[in-house]
$ cat data_11.txt   # compact mmCIF, C-alpha atoms
# COMPACT_ATOMS: atom_id res chain seq x y z
CA MET F 1 0.00 0.00 0.00
CA ALA F 2 2.75 2.43 0.99
CA ALA F 3 4.76 1.66 -2.15
CA GLY F 4 2.16 3.24 -4.43
CA TYR F 5 2.08 6.48 -2.46
CA LEU F 6 5.87 6.58 -2.13
CA GLU F 7 6.16 6.20 -5.89
CA ILE F 8 3.99 9.29 -6.30
CA LEU F 9 5.95 11.33 -3.77
CA ARG F 10 9.27 10.34 -5.35
CA ALA F 11 8.17 11.76 -8.70
CA ARG F 12 9.90 15.03 -9.50
CA HIS F 13 8.06 18.06 -8.04
CA ALA F 14 5.21 15.91 -6.62
CA ALA F 15 6.02 16.29 -2.92
CA ARG F 16 6.68 20.00 -3.32
CA LEU F 17 3.40 20.62 -5.12
CA LEU F 18 1.37 18.61 -2.61
CA THR F 19 3.02 20.23 0.42
CA GLY F 20 2.85 23.73 -1.04
CA THR F 21 -0.83 23.32 -1.87
CA LEU F 22 -1.69 22.08 1.61
CA VAL F 23 0.27 24.89 3.27
CA GLY F 24 -1.25 27.42 0.89
CA ARG F 25 -4.75 26.26 1.82
CA LEU F 26 -4.20 26.56 5.58
CA PRO F 27 -5.84 30.02 5.81
CA ASN F 28 -8.96 28.64 4.16
CA ALA F 29 -9.01 25.44 6.23
CA THR F 30 -8.65 27.35 9.50
CA ALA F 31 -10.71 30.44 8.67
CA ALA F 32 -13.88 29.44 10.54
CA ILE F 33 -12.22 28.64 13.88
CA ALA F 34 -9.70 31.49 13.60
CA LEU F 35 -12.51 34.01 12.95
CA VAL F 36 -14.58 32.75 15.88
CA LEU F 37 -11.66 32.91 18.31
CA PHE F 38 -10.61 36.36 17.12
CA VAL F 39 -14.10 37.86 17.25
CA ARG F 40 -14.69 36.52 20.76
CA ALA F 41 -11.32 37.89 21.92
CA ASP F 42 -12.25 41.25 20.35
CA GLY F 43 -15.44 41.37 22.43
CA GLY F 44 -17.86 40.22 19.75
CA THR F 45 -20.66 37.71 20.16
CA TYR F 46 -20.87 34.19 18.80
CA SER F 47 -23.63 35.39 16.49
CA LEU F 48 -21.30 37.96 14.96
CA ALA F 49 -18.52 35.40 14.68
CA GLY F 50 -20.88 33.00 12.92
CA ALA F 51 -22.08 35.72 10.56
CA LEU F 52 -18.53 36.68 9.59
CA ALA F 53 -17.60 33.03 9.08
CA ALA F 54 -20.69 32.61 6.87
CA VAL F 55 -19.75 35.67 4.80
CA TYR F 56 -16.26 34.25 4.34
CA GLY F 57 -17.68 30.89 3.25
CA VAL F 58 -20.12 32.39 0.74
CA ALA F 59 -17.46 34.66 -0.74
CA ASN F 60 -15.09 31.71 -1.01
CA ALA F 61 -17.73 29.62 -2.77
CA VAL F 62 -18.24 32.43 -5.31
CA GLY F 63 -14.55 33.13 -5.81
CA GLN F 64 -13.25 29.60 -6.39
CA PRO F 65 -14.84 28.90 -9.80
CA VAL F 66 -14.26 32.52 -10.95
CA LEU F 67 -10.56 32.36 -10.10
CA GLY F 68 -10.42 28.83 -11.52
CA ARG F 69 -11.61 30.14 -14.87
CA LEU F 70 -9.00 32.91 -14.74
CA VAL F 71 -6.31 30.29 -14.07
CA ASP F 72 -7.44 28.34 -17.14
CA LEU F 73 -7.27 31.53 -19.21
CA HIS F 74 -4.08 33.14 -17.90
CA GLY F 75 -2.04 30.42 -16.18
CA GLN F 76 -1.37 29.65 -12.51
CA PRO F 77 1.34 32.16 -11.48
CA ARG F 78 -0.56 35.19 -12.82
CA VAL F 79 -3.66 34.34 -10.78
CA GLN F 80 -2.76 32.15 -7.81
CA LEU F 81 -0.06 34.31 -6.22
CA PRO F 82 -1.81 37.71 -6.58
CA ALA F 83 -5.00 36.15 -5.22
CA ALA F 84 -3.15 34.69 -2.22
CA VAL F 85 -1.54 38.06 -1.46
CA LEU F 86 -4.86 39.92 -1.75
CA ALA F 87 -6.61 37.39 0.50
CA ALA F 88 -3.83 37.68 3.11
CA LEU F 89 -3.88 41.49 2.97
CA ALA F 90 -7.65 41.52 3.46
CA MET F 91 -7.42 39.24 6.49
CA THR F 92 -4.52 41.30 7.85
CA ALA F 93 -6.64 44.44 7.57
CA PHE F 94 -9.40 42.66 9.49
CA ALA F 95 -6.93 41.49 12.15
CA PHE F 96 -5.84 45.08 12.85
CA SER F 97 -9.21 46.83 12.43
CA GLY F 98 -11.22 44.26 14.39
CA THR F 99 -15.00 44.28 14.41
CA ASP F 100 -15.35 48.05 14.73
CA PRO F 101 -16.37 49.48 12.33
CA LEU F 102 -18.51 46.49 11.49
CA PRO F 103 -19.03 47.24 7.76
CA LEU F 104 -15.26 47.29 7.25
CA ALA F 105 -14.99 43.94 9.03
CA TYR F 106 -17.53 42.38 6.67
CA VAL F 107 -15.77 43.84 3.61
CA CYS F 108 -12.37 42.54 4.71
CA VAL F 109 -13.63 39.06 5.52
CA ALA F 110 -15.58 38.88 2.25
CA ALA F 111 -12.50 39.95 0.28
CA ALA F 112 -10.37 37.34 2.06
CA GLY F 113 -12.83 34.61 1.08
CA LEU F 114 -13.33 35.88 -2.45
CA PHE F 115 -9.62 36.01 -3.28
CA THR F 116 -8.68 32.67 -1.75
CA PRO F 117 -6.62 31.07 -4.56
CA PRO F 118 -7.98 27.87 -6.16
CA LEU F 119 -4.89 25.87 -5.22
CA GLU F 120 -6.89 22.68 -4.79
CA GLY F 121 -8.19 22.69 -8.36
CA GLY F 122 -4.82 23.87 -9.62
CA LEU F 123 -3.01 20.91 -8.08
CA ARG F 124 -5.36 18.42 -9.75
CA ALA F 125 -4.76 20.12 -13.08
CA LEU F 126 -1.00 19.70 -12.58
CA TRP F 127 -0.94 16.00 -11.72
CA PRO F 128 -1.04 14.76 -15.36
CA SER F 129 2.06 16.83 -16.19
CA VAL F 130 3.99 15.54 -13.16
CA LEU F 131 2.88 11.89 -13.23
CA ARG F 132 3.14 10.40 -16.68
CA ARG F 133 1.09 7.24 -16.10
CA GLU F 134 -2.68 7.29 -15.82
CA GLU F 135 -2.81 4.98 -12.83
CA GLN F 136 -0.38 7.26 -10.97
CA VAL F 137 -2.67 10.23 -11.53
CA HIS F 138 -5.60 8.31 -10.07
CA THR F 139 -3.52 7.31 -7.04
CA ALA F 140 -2.53 10.97 -6.64
CA TYR F 141 -6.21 11.95 -6.59
CA ALA F 142 -6.77 9.52 -3.72
CA MET F 143 -3.69 10.82 -1.89
CA ASP F 144 -5.01 14.34 -2.41
CA ALA F 145 -8.31 13.40 -0.76
CA ILE F 146 -6.43 11.86 2.17
CA ALA F 147 -4.24 14.94 2.56
CA GLN F 148 -7.35 17.11 2.83
CA GLU F 149 -8.52 15.11 5.83
CA VAL F 150 -5.12 15.54 7.48
CA MET F 151 -5.14 19.29 6.80
CA PHE F 152 -8.61 19.83 8.25
CA THR F 153 -7.52 17.86 11.33
CA VAL F 154 -4.16 19.57 11.84
CA GLY F 155 -5.31 23.08 10.87
CA PRO F 156 -7.48 23.77 13.96
CA LEU F 157 -4.67 22.46 16.17
CA LEU F 158 -2.29 24.99 14.59
CA VAL F 159 -4.77 27.79 15.30
CA THR F 160 -5.03 26.87 18.97
CA LEU F 161 -1.23 26.55 19.16
CA CYS F 162 -0.76 30.06 17.74
CA VAL F 163 -3.38 31.42 20.14
CA SER F 164 -1.73 29.78 23.15
CA LEU F 165 1.76 30.97 22.15
CA TRP F 166 0.81 34.49 21.01
CA SER F 167 -2.74 35.71 20.47
CA GLU F 168 -5.84 35.37 18.30
CA ARG F 169 -4.64 38.24 16.08
CA ALA F 170 -1.26 36.56 15.66
CA ALA F 171 -3.00 33.34 14.60
CA LEU F 172 -4.74 35.18 11.74
CA LEU F 173 -1.53 36.93 10.68
CA VAL F 174 0.78 33.92 10.90
CA LEU F 175 -1.50 31.46 9.12
CA ASN F 176 -2.20 33.87 6.26
CA ALA F 177 1.48 34.67 5.86
CA VAL F 178 2.27 30.96 5.78
CA GLY F 179 -0.50 30.51 3.22
CA VAL F 180 1.15 33.03 0.88
CA LEU F 181 4.45 31.16 1.20
CA GLY F 182 2.70 27.90 0.30
CA ALA F 183 1.13 29.46 -2.80
CA LEU F 184 4.49 30.97 -3.74
CA SER F 185 6.15 27.57 -3.48
CA VAL F 186 3.61 26.15 -5.94
CA VAL F 187 3.57 28.90 -8.55
CA VAL F 188 7.35 29.22 -8.88
CA SER F 189 7.71 25.47 -9.49
CA PRO F 190 8.52 24.40 -13.07
CA PRO F 191 5.26 22.43 -13.56
CA SER F 192 3.13 25.40 -12.49
CA ARG F 193 5.07 27.86 -14.65
CA ALA F 194 4.98 25.54 -17.66
CA TRP F 195 1.32 24.59 -17.31
CA ARG F 196 -1.01 25.81 -20.03
CA SER F 197 -4.70 25.10 -20.28
CA ALA F 198 -5.92 23.17 -23.29
CA PRO F 199 -7.57 25.20 -26.06
CA ARG F 200 -11.08 26.13 -24.98
CA GLU F 201 -14.26 27.04 -26.74
CA ALA F 202 -15.45 30.47 -25.70
CA HIS F 203 -18.66 29.99 -23.72
CA TRP F 204 -20.07 31.99 -20.83
CA LEU F 205 -21.01 28.82 -18.94
CA GLY F 206 -17.42 27.57 -19.03
CA ALA F 207 -17.14 24.17 -17.34
CA LEU F 208 -20.85 24.17 -16.48
CA ARG F 209 -21.82 23.49 -20.09
CA SER F 210 -20.90 19.84 -19.46
CA PRO F 211 -24.07 17.85 -18.56
CA GLY F 212 -21.95 15.16 -16.89
CA LEU F 213 -20.24 17.70 -14.65
CA LEU F 214 -23.60 19.20 -13.69
CA ALA F 215 -24.87 15.74 -12.74
CA LEU F 216 -21.81 15.13 -10.59
CA LEU F 217 -22.15 18.51 -8.88
CA GLY F 218 -25.82 17.79 -8.13
CA ALA F 219 -24.85 14.52 -6.45
CA PHE F 220 -22.04 16.10 -4.44
CA LEU F 221 -24.26 18.87 -3.18
CA PHE F 222 -26.15 16.21 -1.19
CA ILE F 223 -22.95 14.50 -0.04
CA GLY F 224 -21.90 17.88 1.36
CA ILE F 225 -25.31 18.17 3.06
CA ALA F 226 -24.76 14.76 4.66
CA LEU F 227 -21.37 15.73 6.03
CA GLY F 228 -22.53 19.11 7.32
CA SER F 229 -25.55 17.64 9.07
CA ILE F 230 -23.48 15.06 10.98
CA THR F 231 -21.42 17.79 12.63
CA VAL F 232 -24.61 19.34 14.04
CA ALA F 233 -26.43 16.10 14.91
CA SER F 234 -23.42 14.99 16.96
CA VAL F 235 -23.77 17.95 19.34
CA PRO F 236 -26.97 16.88 21.19
CA TYR F 237 -25.74 13.28 21.28
CA ALA F 238 -22.48 14.43 22.89
CA ASP F 239 -24.38 16.62 25.36
CA ASP F 240 -26.24 13.53 26.58
CA HIS F 241 -23.17 11.28 26.70
CA GLY F 242 -20.30 13.27 28.16
CA GLY F 243 -20.07 16.71 26.56
CA ASP F 244 -17.37 18.30 24.44
CA ALA F 245 -14.88 15.46 24.81
CA VAL F 246 -17.32 13.00 23.24
CA TYR F 247 -18.03 15.44 20.41
CA GLY F 248 -14.30 15.68 19.75
CA TRP F 249 -14.00 11.90 19.60
CA LEU F 250 -16.90 11.64 17.16
CA MET F 251 -15.41 14.23 14.80
CA ALA F 252 -11.96 12.63 15.07
CA ALA F 253 -13.46 9.21 14.28
CA LEU F 254 -15.21 10.63 11.21
CA GLY F 255 -11.92 12.02 9.93
CA LEU F 256 -10.01 8.85 10.79
CA GLY F 257 -12.54 6.75 8.89
CA ALA F 258 -12.06 8.94 5.82
CA LEU F 259 -8.28 8.59 6.14
CA ILE F 260 -8.51 4.81 6.33
CA GLY F 261 -10.95 4.57 3.44
CA GLY F 262 -8.97 6.90 1.21
CA THR F 263 -5.70 5.14 1.96
CA VAL F 264 -7.07 1.71 1.10
CA TYR F 265 -8.93 2.97 -1.97
CA GLY F 266 -5.88 4.67 -3.47
CA ALA F 267 -3.58 1.72 -2.87
CA ARG F 268 -4.95 -0.34 -5.76
CA GLN F 269 -6.35 -0.03 -9.25
CA TRP F 270 -10.07 -0.63 -9.76
CA GLY F 271 -11.83 -2.18 -12.73
CA GLY F 272 -14.88 -0.72 -14.43
CA THR F 273 -15.78 2.88 -15.14
CA PRO F 274 -15.43 5.47 -12.36
CA GLU F 275 -19.04 6.61 -12.90
CA ARG F 276 -20.35 3.14 -12.06
CA ARG F 277 -17.96 2.84 -9.14
CA LEU F 278 -19.08 6.20 -7.72
CA ARG F 279 -22.67 4.96 -7.58
CA LEU F 280 -21.54 1.97 -5.52
CA LEU F 281 -19.41 4.13 -3.21
CA VAL F 282 -22.23 6.62 -2.62
CA ALA F 283 -24.64 3.76 -1.89
CA LEU F 284 -22.20 2.37 0.70
CA LEU F 285 -21.75 5.85 2.15
CA ALA F 286 -25.51 6.25 2.63
CA VAL F 287 -25.87 2.77 4.14
CA CYS F 288 -23.05 3.43 6.62
CA TYR F 289 -24.80 6.60 7.81
CA LEU F 290 -27.93 4.67 8.78
CA PRO F 291 -26.54 2.88 11.92
CA LEU F 292 -25.86 6.29 13.47
CA THR F 293 -29.59 6.54 14.16
CA LEU F 294 -29.21 3.69 16.68
CA MET F 295 -27.28 6.09 18.96
CA PRO F 296 -25.66 3.41 21.16
CA ASP F 297 -23.24 4.05 24.04
CA THR F 298 -20.22 6.27 23.47
CA ILE F 299 -17.64 3.64 22.44
CA ALA F 300 -19.99 1.96 19.99
CA MET F 301 -21.05 5.34 18.59
CA VAL F 302 -17.44 6.35 18.00
CA LEU F 303 -16.89 3.08 16.09
CA LEU F 304 -20.05 3.64 14.03
CA THR F 305 -18.91 7.17 13.23
CA LEU F 306 -15.55 5.83 12.09
CA VAL F 307 -17.32 3.41 9.74
CA ALA F 308 -19.55 6.24 8.50
CA GLY F 309 -16.48 8.14 7.35
CA VAL F 310 -14.79 5.29 5.50
CA PHE F 311 -16.36 5.87 2.08
CA LEU F 312 -16.16 9.68 2.03
CA ALA F 313 -12.58 10.03 0.76
CA PRO F 314 -13.03 7.28 -1.88
CA CYS F 315 -16.13 9.13 -3.15
CA ILE F 316 -14.13 12.34 -3.43
CA ALA F 317 -11.17 10.65 -5.14
CA CYS F 318 -13.48 8.92 -7.62
CA ALA F 319 -15.22 12.26 -8.30
CA PHE F 320 -11.86 13.81 -9.21
CA ILE F 321 -11.46 11.26 -12.01
CA ILE F 322 -14.99 11.93 -13.27
CA VAL F 323 -14.38 15.69 -13.28
CA ASP F 324 -11.32 15.15 -15.45
CA ARG F 325 -13.36 12.98 -17.85
CA HIS F 326 -16.27 15.40 -18.17
CA ALA F 327 -14.65 18.85 -17.99
CA PRO F 328 -14.82 20.61 -21.38
CA SER F 329 -11.45 21.26 -22.97
CA GLY F 330 -9.61 24.15 -21.35
CA THR F 331 -11.75 24.29 -18.19
CA VAL F 332 -10.13 21.71 -15.92
CA THR F 333 -9.17 24.09 -13.07
CA GLU F 334 -12.59 25.74 -13.15
CA ALA F 335 -14.29 22.33 -13.14
CA PHE F 336 -12.37 21.15 -10.08
CA SER F 337 -13.11 24.49 -8.38
CA TRP F 338 -16.83 24.00 -9.00
CA LEU F 339 -16.63 20.64 -7.22
CA VAL F 340 -14.99 22.33 -4.22
CA THR F 341 -17.63 25.06 -4.21
CA THR F 342 -20.56 22.67 -4.50
CA PHE F 343 -19.29 20.45 -1.69
CA THR F 344 -18.69 23.49 0.54
CA VAL F 345 -22.14 24.93 -0.15
CA GLY F 346 -23.68 21.53 0.53
CA ALA F 347 -21.93 21.28 3.89
CA SER F 348 -23.20 24.75 4.81
CA VAL F 349 -26.75 23.84 3.78
CA GLY F 350 -26.50 20.61 5.78
CA THR F 351 -25.42 22.55 8.86
CA GLY F 352 -28.34 24.95 8.42
CA LEU F 353 -30.88 22.16 7.86
CA ALA F 354 -29.70 20.04 10.76
CA GLY F 355 -30.26 22.84 13.29
CA PRO F 356 -34.07 22.99 13.06
CA VAL F 357 -34.26 19.23 12.46
CA VAL F 358 -32.40 18.56 15.71
CA GLN F 359 -34.40 21.23 17.50
CA THR F 360 -37.65 19.53 16.45
CA GLY F 361 -36.84 15.83 16.51
CA GLY F 362 -33.63 15.55 18.53
CA ALA F 363 -30.40 13.79 17.65
CA LEU F 364 -32.25 10.80 16.15
CA TRP F 365 -33.69 12.84 13.28
CA GLY F 366 -30.44 14.73 13.01
CA PHE F 367 -28.58 11.47 12.26
CA ALA F 368 -31.32 10.40 9.84
CA LEU F 369 -30.61 13.48 7.71
CA PRO F 370 -27.16 12.38 6.40
CA ALA F 371 -28.53 8.96 5.43
CA ALA F 372 -31.39 10.65 3.57
CA ALA F 373 -29.01 13.08 1.85
CA GLY F 374 -26.77 10.18 0.81
CA ALA F 375 -29.79 8.37 -0.64
CA VAL F 376 -30.78 11.47 -2.65
CA SER F 377 -27.21 11.74 -3.95
CA LEU F 378 -27.43 8.14 -5.17
CA LEU F 379 -30.77 8.87 -6.85
CA VAL F 380 -29.21 11.80 -8.69
CA LEU F 381 -26.41 9.56 -9.97
CA LEU F 382 -28.88 6.87 -11.04
CA ALA F 383 -31.18 9.37 -12.77
CA THR F 384 -28.28 10.90 -14.69
CA GLY F 385 -26.58 7.61 -15.55
CA ARG F 386 -26.76 8.13 -19.31
CA VAL F 387 -25.27 11.61 -19.08
CA LEU F 388 -22.44 10.41 -16.87
CA ALA F 389 -21.78 7.47 -19.19
CA ALA F 390 -20.79 9.85 -22.00
CA PRO F 391 -17.58 11.62 -20.89
CA VAL F 392 -15.94 14.32 -22.96
CA ARG F 393 -13.34 12.79 -25.26
CA GLY F 394 -10.54 14.01 -27.46
CA GLY F 395 -9.22 16.71 -25.16
CA VAL F 396 -5.61 17.62 -24.72
CA VAL F 397 -3.63 17.72 -21.55
CA ALA F 398 -3.57 21.05 -19.84
CA ALA F 399 0.13 20.88 -19.33
CA SER F 400 3.46 20.87 -21.02
CA SER F 401 6.73 19.45 -19.81
CA GLU F 402 9.37 21.82 -18.54
CA ASN F 403 11.77 19.84 -20.74
CA ASP F 404 9.79 20.69 -23.89
CA PRO F 405 10.90 24.15 -25.07
CA ASN F 406 8.23 24.17 -27.76
CA ARG F 407 5.49 23.36 -25.21
CA ALA F 408 3.94 20.89 -27.56
CA VAL F 409 0.49 19.74 -26.57
CA GLU F 410 0.42 16.19 -25.33
CA PRO F 411 -2.44 13.66 -25.31
CA ARG F 412 -4.73 13.93 -22.33
CA PHE F 413 -5.26 10.97 -20.04
CA SER F 414 -8.46 9.17 -20.72
CA SER F 415 -9.77 7.09 -17.88
CA GLY F 416 -11.02 4.42 -20.23
CA ASP F 417 -12.31 1.37 -18.43
CA ARG F 418 -9.84 1.46 -15.59
CA ALA F 419 -9.28 3.95 -12.83
$ encode --input "data_11.txt" --output "structure tokens"
Amino acid sequence: MAAGYLEILRARHAARLLTGTLVGRLPNATAAIALVLFVRADGGTYSLAGALAAVYGVANAVGQPVLGRLVDLHGQPRVQLPAAVLAALAMTAFAFSGTDPLPLAYVCVAAAGLFTPPLEGGLRALWPSVLRREEQVHTAYAMDAIAQEVMFTVGPLLVTLCVSLWSERAALLVLNAVGVLGALSVVVSPPSRAWRSAPREAHWLGALRSPGLLALLGAFLFIGIALGSITVASVPYADDHGGDAVYGWLMAALGLGALIGGTVYGARQWGGTPERRLRLLVALLAVCYLPLTLMPDTIAMVLLTLVAGVFLAPCIACAFIIVDRHAPSGTVTEAFSWLVTTFTVGASVGTGLAGPVVQTGGALWGFALPAAAGAVSLLVLLATGRVLAAPVRGGVVAASSENDPNRAVEPRFSSGDRA
């Protein structure tokens, strides 16, 4: 299992690109908790902190596909680094101005979210130019999904470490400065500088003109809803079974399950089309959410939560392959950014839905919501099976080798019947 991942990391530039992307995304991964801690330290209420975090999230959801399209049009260095600097400057302005005046605080936070660089989509666009075999690219997608789980686990710990060593303001400043350095590491690398998007047909819809991509985004909206609702449904359960410590264990188990599932999934090659495999993975994801409604004692619940997370990372890794197959020529970064946006919006919707559901029916109905959302996601995939079965063909790779002075266009990977 480890050999496959080590082979990826030993490829030239691979470790640097993965590490730089993860570091560059730290401000985004830690924004919610960093904003809450800072606002509370500045004398604001939890309601204000939540509102600012929501504004950041909405602005980020809007900015990702827009910046992704600009990357496809103008290249990574011209977009990623200026965006990272602007996002860091906006958050720095917020860190020094605080919540008074309030309109300025909202503008700064919105700008920080809007200009967050689409490093995640950019990395997936670079993999085919760094890894020359199709099966390596698919393994890299799985490793990417695993790395996300690690980042969202380690990120909050880094925030609390910065707060304990310095202050809440210092946490905002340090993490955003580190994020700029991560983006800089990526964009000055030879693969990023050499990368060029494939020729694209001018169309105002961009990547969204692909019916297959729209079908995938519809399915992943409900997967995001499932994930967001679990985080809320776990709160009343934890309150009845031990408090914050139990909640922490449940969230850690969910992340650990995703790590285990993603690691196992990426360690081997799978037969059949990725579209068919995604339907199976989503079905298993929905089924594994159902036992949470049993709400057993704490130890058993932690184990059930771990199982519930197992198929999340494989679903995400499989979706990466499908995005690559269905993205119209010249829109690969934008297409990956739309997946990020849709999943983020879904998680926010799930959080919002779970609140009144839990308030009305308790934790039981709260845990039923992710299973229902997973079932709806499966129905979307089944209903759009014909659309998903017809991926875009004949594209060209959105990359050129740094060893090719003529930057000749190379054949794009086609997932074919193996992934």
$ atom_distance --input "data_11.txt" --atom1 "atom CA of Gln64 of chain F" --atom2 "atom CA of Leu123 of chain F"
13.5 Å
$ residues_around --input "data_11.txt" --residues "Pro391 of chain F" --least-positions-apart "2" --cutoff "7 Å" --atoms "all atoms listed in the file" --output "ChimeraX atom specification"
/F:212,325-326,388-389,393
$ atom_distance --input "data_11.txt" --atom1 "atom CA of Ser229 of chain F" --atom2 "atom CA of Leu304 of chain F"
15.8 Å
$ closest_residue --input "data_11.txt" --among "F:Arg16, F:Arg133, F:Arg10, F:His138" --to "Ser185 of chain F" --atoms "only C-alpha atoms"
F:Arg16
$ residues_around --input "data_11.txt" --residues "segment 69-83 of chain F" --least-positions-apart "2" --cutoff "7 Å" --atoms "only C-alpha atoms" --output "list in words"
Pro65, Val66, Leu67, Val85, Leu86, Ala87, Phe115, Thr116, Pro117, Pro118, Ala183, Leu184, Val187, Ser192, Arg193, Trp195, Arg196, Ser197, Gly330, Thr331, Thr333 and Glu334 of chain F
$ write_last_selection --input "data_11.txt" --atoms "C-alpha atoms" --output "compact mmCIF listing (two decimals), in the frame of the given file"
# COMPACT_ATOMS: atom_id res chain seq x y z
CA PRO F 65 -14.84 28.90 -9.80
CA VAL F 66 -14.26 32.52 -10.95
CA LEU F 67 -10.56 32.36 -10.10
CA VAL F 85 -1.54 38.06 -1.46
CA LEU F 86 -4.86 39.92 -1.75
CA ALA F 87 -6.61 37.39 0.50
CA PHE F 115 -9.62 36.01 -3.28
CA THR F 116 -8.68 32.67 -1.75
CA PRO F 117 -6.62 31.07 -4.56
CA PRO F 118 -7.98 27.87 -6.16
CA ALA F 183 1.13 29.46 -2.80
CA LEU F 184 4.49 30.97 -3.74
CA VAL F 187 3.57 28.90 -8.55
CA SER F 192 3.13 25.40 -12.49
CA ARG F 193 5.07 27.86 -14.65
CA TRP F 195 1.32 24.59 -17.31
CA ARG F 196 -1.01 25.81 -20.03
CA SER F 197 -4.70 25.10 -20.28
CA GLY F 330 -9.61 24.15 -21.35
CA THR F 331 -11.75 24.29 -18.19
CA THR F 333 -9.17 24.09 -13.07
CA GLU F 334 -12.59 25.74 -13.15
$ residues_around --input "data_11.txt" --residues "Tyr141 of chain F" --least-positions-apart "2" --cutoff "10 Å" --atoms "all atoms listed in the file" --output "list of chain:residue names"
F:Leu123, F:Arg124, F:Trp127, F:Glu135, F:Gln136, F:Val137, F:His138, F:Thr139, F:Met143, F:Asp144, F:Ala145, F:Ile146, F:Ala147, F:Gly262, F:Gly266, F:Ala313, F:Pro314, F:Ile316, F:Ala317, F:Cys318, F:Ala319, F:Phe320, F:Ile321
$ atom_distance --input "data_11.txt" --atom1 "atom CA of Arg200 of chain F" --atom2 "atom CA of Ser329 of chain F"
5.3 Å
$ closest_residue --input "data_11.txt" --among "F:Val180, F:Ala171, F:Cys162, F:Ile223" --to "Thr21 of chain F" --atoms "only C-alpha atoms"
F:Val180
$ closest_residue --input "data_11.txt" --among "F:Gly218, F:Thr99, F:Ala283, F:Leu213" --to "Thr45 of chain F" --atoms "only C-alpha atoms"
F:Thr99
$ closest_residue --input "data_11.txt" --among "F:Leu227, F:Ala233, F:Val387, F:Leu250" --to "Val358 of chain F" --atoms "only C-alpha atoms"
F:Ala233
$ closest_residue --input "data_11.txt" --among "F:Leu216, F:Leu254, F:Ala267, F:Leu119" --to "Leu6 of chain F" --atoms "only C-alpha atoms"
F:Ala267
$ residues_around --input "data_11.txt" --residues "segment 291-293 of chain F" --least-positions-apart "6" --cutoff "8 Å" --atoms "only C-alpha atoms" --output "tab-separated table (two decimals) with C-alpha atoms, in the coordinates of the input"
chain	number	residue	atom	x	y	z
F	301	MET	CA	-21.05	5.34	18.59
F	304	LEU	CA	-20.05	3.64	14.03
F	305	THR	CA	-18.91	7.17	13.23
F	364	LEU	CA	-32.25	10.80	16.15
F	365	TRP	CA	-33.69	12.84	13.28
F	367	PHE	CA	-28.58	11.47	12.26
F	368	ALA	CA	-31.32	10.40	9.84
$ residues_around --input "data_11.txt" --residues "Ala347 of chain F" --least-positions-apart "2" --cutoff "10 Å" --atoms "all atoms listed in the file" --output "list of chain:residue names"
F:Phe220, F:Leu221, F:Phe222, F:Ile223, F:Gly224, F:Ile225, F:Ala226, F:Leu227, F:Gly228, F:Ser229, F:Ile230, F:Thr231, F:Thr341, F:Thr342, F:Phe343, F:Thr344, F:Val345, F:Val349, F:Gly350, F:Thr351, F:Gly352, F:Leu353
$ decode --input "data_11.txt" --residues "segment 53-63 of chain F" --atoms "N, CA and C atoms" --output "tab-separated table (two decimals), in the first residue's frame"
chain	number	residue	atom	x	y	z
F	53	ALA	N	-18.04	34.29	9.66
F	53	ALA	CA	-17.60	33.03	9.08
F	53	ALA	C	-18.46	32.64	7.88
F	54	ALA	N	-19.78	32.92	7.98
F	54	ALA	CA	-20.69	32.61	6.87
F	54	ALA	C	-20.38	33.48	5.66
F	55	VAL	N	-20.10	34.76	5.90
F	55	VAL	CA	-19.75	35.67	4.80
F	55	VAL	C	-18.47	35.19	4.11
F	56	TYR	N	-17.50	34.78	4.91
F	56	TYR	CA	-16.26	34.25	4.34
F	56	TYR	C	-16.55	33.02	3.48
F	57	GLY	N	-17.37	32.11	3.99
F	57	GLY	CA	-17.68	30.89	3.25
F	57	GLY	C	-18.40	31.15	1.95
F	58	VAL	N	-19.38	32.06	1.97
F	58	VAL	CA	-20.12	32.39	0.74
F	58	VAL	C	-19.20	33.04	-0.29
F	59	ALA	N	-18.38	33.99	0.17
F	59	ALA	CA	-17.46	34.66	-0.74
F	59	ALA	C	-16.46	33.67	-1.34
F	60	ASN	N	-16.01	32.74	-0.53
F	60	ASN	CA	-15.09	31.71	-1.01
F	60	ASN	C	-15.74	30.82	-2.05
F	61	ALA	N	-17.01	30.46	-1.81
F	61	ALA	CA	-17.73	29.62	-2.77
F	61	ALA	C	-17.92	30.33	-4.11
F	62	VAL	N	-18.10	31.64	-4.07
F	62	VAL	CA	-18.24	32.43	-5.31
F	62	VAL	C	-16.89	32.57	-6.01
F	63	GLY	N	-15.85	32.82	-5.23
F	63	GLY	CA	-14.55	33.13	-5.81
F	63	GLY	C	-13.83	31.95	-6.43
